[in-house]
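Peer 1: After the structure tokens below, expect a handful of questions from me.
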Amino acid sequence: MSASLAKGQNGPLAVNDVVVSIQLTAPADLSALLVTEQGKVRTDADFVFFNQPSGPGVNLVPAAGGPAALAVSLGQVPPDIAQIRAVITLEDSNSNFGQFPAPTAIVSDTSGNQLFEYRIDGLASESIVIALELYRRQGAWKVRAVGQGYAGGFAALVTDHGVSVDDSPAPQTQSAPPPPPPPAPTQVAQPTQGGYPPPQQQQFAPTQGYPPPQQPAPGGYPPPPQQGGPGGYPPPPQGGPQGYPPPPQQGGYPQQQGHPQGGYPPAAPPQQPPAEVSLSKDRPVSLEKGQRVTLRKEGGVQLTFVKMGLGWDPVRTRGMFGSRTVDIDLDASVTMFADTNLVDVAYYGQLSSKDGSVRHQGDNLTGEGEGDDEVILVDLTRVPAHVNTLLFIVTSYKGHSFEQVQNAFCRLVDGSNNAELARFTLAGGMPFTAMAMAKIYRAGSDWKFVALGEGFQAKHPGEAVPQLGRFLVNS
């Protein structure tokens, strides 16, 4: 009897030869990406699809009356391949999974006995989804349910995994479907362990080196919903307890020694945190790097609805033809984690987390204007119980470093009265294209806010997520 997996869950593979197949009512293709620990193929030969049906240890085999299946001989997979990602692509790029019953991914032995099945619920505007992956863990193989959609198009997906689409036969590039009305997105969450992103664009992938989405056109964001909970949040989804997906089971994601099987670098040992400060109703707290505050106002009232404002100004330079300002496109994102497992992402390509607890208010492409350049709303009462960390990151889409940015800041605002509670300001001059600005994490029954201000190299959330493991140690 097969075991049913939920998103993020995994299970051991006790046989060396398995078959990955899919069941769905829409015309679709199944393909595989064989990637290293860095989430990249070694060569184009590590991409198995209909024009290249054989790879090292993996073969695409016809199936009667449906999409082809992947026959995997785990003993023949090269030792430097860490994961085999099974990708479902709809043949009609203008359609999406939300138009059809949820697809199911199945792992069987060569005799046809089903070992695992995974019904990929929650897909909406996606036309591509990383369904599941086979991965190494301490010398053995396991299977993990991923279920992360991708909005960048099939050619972009494989390119982001290191495949050279110009030099090898590749499927026709698909364009990302237009975003539906809110309360969509996530591609994100996307993510989540999994990689990608949404009702709007898609869930985002990621943590295992899943590819990033494409930058949407300016003005392509839907207006915020007019009804719902605080700040225009959509009503909670219907389903399991509180409508949220179940938390990953113990051991749902591998914790490797020395390298990131799940896409995360090993967590750094906790350091002695700076002194904790208190929120004040009289004046906002000016935070230093590493300082934290408990999200309780004076009198012990716990905050439930907060706003995160992020801002920056482009550096103005002088030349022989006068002053000049470079348009610097910084993007604020929120990644949601259950321990070290990516659950969802709210960002420019998916303006709301799937549970509705986090809502991005739109993209600023230049940094011009007074006050907050981007605002993210967080309803702490609606964050799923298994999510314990929200990381607020800023990435430079065009690759400009923070040396070209001044007055970068993040501020915490009480969503009930718009009062500024805390502010963290960064000096310029850092040679990074991404910044972990702050995080909110659970501490018992409370939420705490921490000013981070740590730089790293990433131009979009897809490149950032695999580098966030070191910020997930909460104390």
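By convention in this document, the chains of the structure tokens carry letters A, B, ... by their order, each chain's residues are numbered from 1, and ligands are numbered from 1 in the order they are shown.
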I'd like the contact shell of segment 412-420 of chain A - 7 Å cut-off, only C-alpha atoms, skipping same-chain residues fewer than 6 positions apart - returned as a PyMOL selection string.
Peer 2: chain A and resi 284+305-309
Peer 1: I'd like to know which residues of segment 348-463 of chain A are strand (DSSP E) (by DSSP, run on the backbone); could you write them as a PyMOL selection string?
Peer 2: chain A and resi 358-360+374-379+389-396+405-414+420-426+434-443+446-456
Peer 1: Using only C-alpha atoms, which residue out of A:Leu452, A:Ile328, A:Val343, A:Ala102 lies closest to Lys398 of chain A?
Peer 2: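 Looking at the shortest contact to Lys398 of chain A, the residue is A:Ile328.
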Peer 1: For Ala69 of chain A, list every protein, DNA or RNA residue within 8 Å, evaluated using only C-alpha atoms, and leave out those in the same chain fewer than 2 positions away; present the list as a count of residues only.
Peer 2: 11
Peer 1: Enter the distance from atom CA of Phe449 of chain A to atom CA of Phe471 of chain A, in Å, rounded to one decimal.
Peer 2: 12.8 Å
Peer 1: Have a look at A:Val87, A:Val285, A:Met437, A:Ala26 and name the one nearest to Val48 of chain A; count only C-alpha atoms.
Peer 2: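 For Val48 of chain A, the nearest of the candidates is A:Val87.
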Peer 1: Using atom CA of Asn113 of chain A and atom CA of Gly139 of chain A as the two end points, give the distance in Å to one decimal.
Peer 2: 23.9 Å
Peer 1: What lies within 10 Å of Val378 of chain A using only C-alpha atoms, ignoring chain neighbours under 3 positions off, as a ChimeraX atom specification?
Peer 2: /A:230-231,233,304-308,334,353,356-360,375,381-383,390,415
Peer 1: Need to verify the contact set: segment 105-110 of chain A, 9 Å, only C-alpha atoms, exclusion of same-chain residues closer than 4 positions in sequence. Can you return it as a ChimeraX atom specification?
Peer 2: /A:2,15-24,71,114-120,131-132,143,145
Peer 1: Suppose you want the space between atom CA of Gln148 of chain A and atom CA of Thr395 of chain A; what is it in Å?
Peer 2: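 Separation between atom CA of Gln148 of chain A and atom CA of Thr395 of chain A: 21.3 Å.
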Peer 1: Please determine, counting only C-alpha atoms, which residue among A:Asn474, A:Thr340, A:Asp313, A:Tyr347 has the shortest atom-to-atom distance to Leu426 of chain A.
Peer 2: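 Comparing A:Asn474, A:Thr340, A:Asp313, A:Tyr347 against Leu426 of chain A, the winner is A:Asp313.
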Peer 1: Using only C-alpha atoms, can you tell me which of A:Lys142, A:Tyr150, A:Ala458, A:Lys297 comes closest to Ser125 of chain A?
Peer 2: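 Closest to Ser125 of chain A of all the choices is A:Tyr150.
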Peer 1: In terms of the shortest atom-to-atom distance over only C-alpha atoms, which of A:Ala422, A:Val158, A:Ala436, A:Lys448 is closest to Arg292 of chain A?
Peer 2: A:Lys448
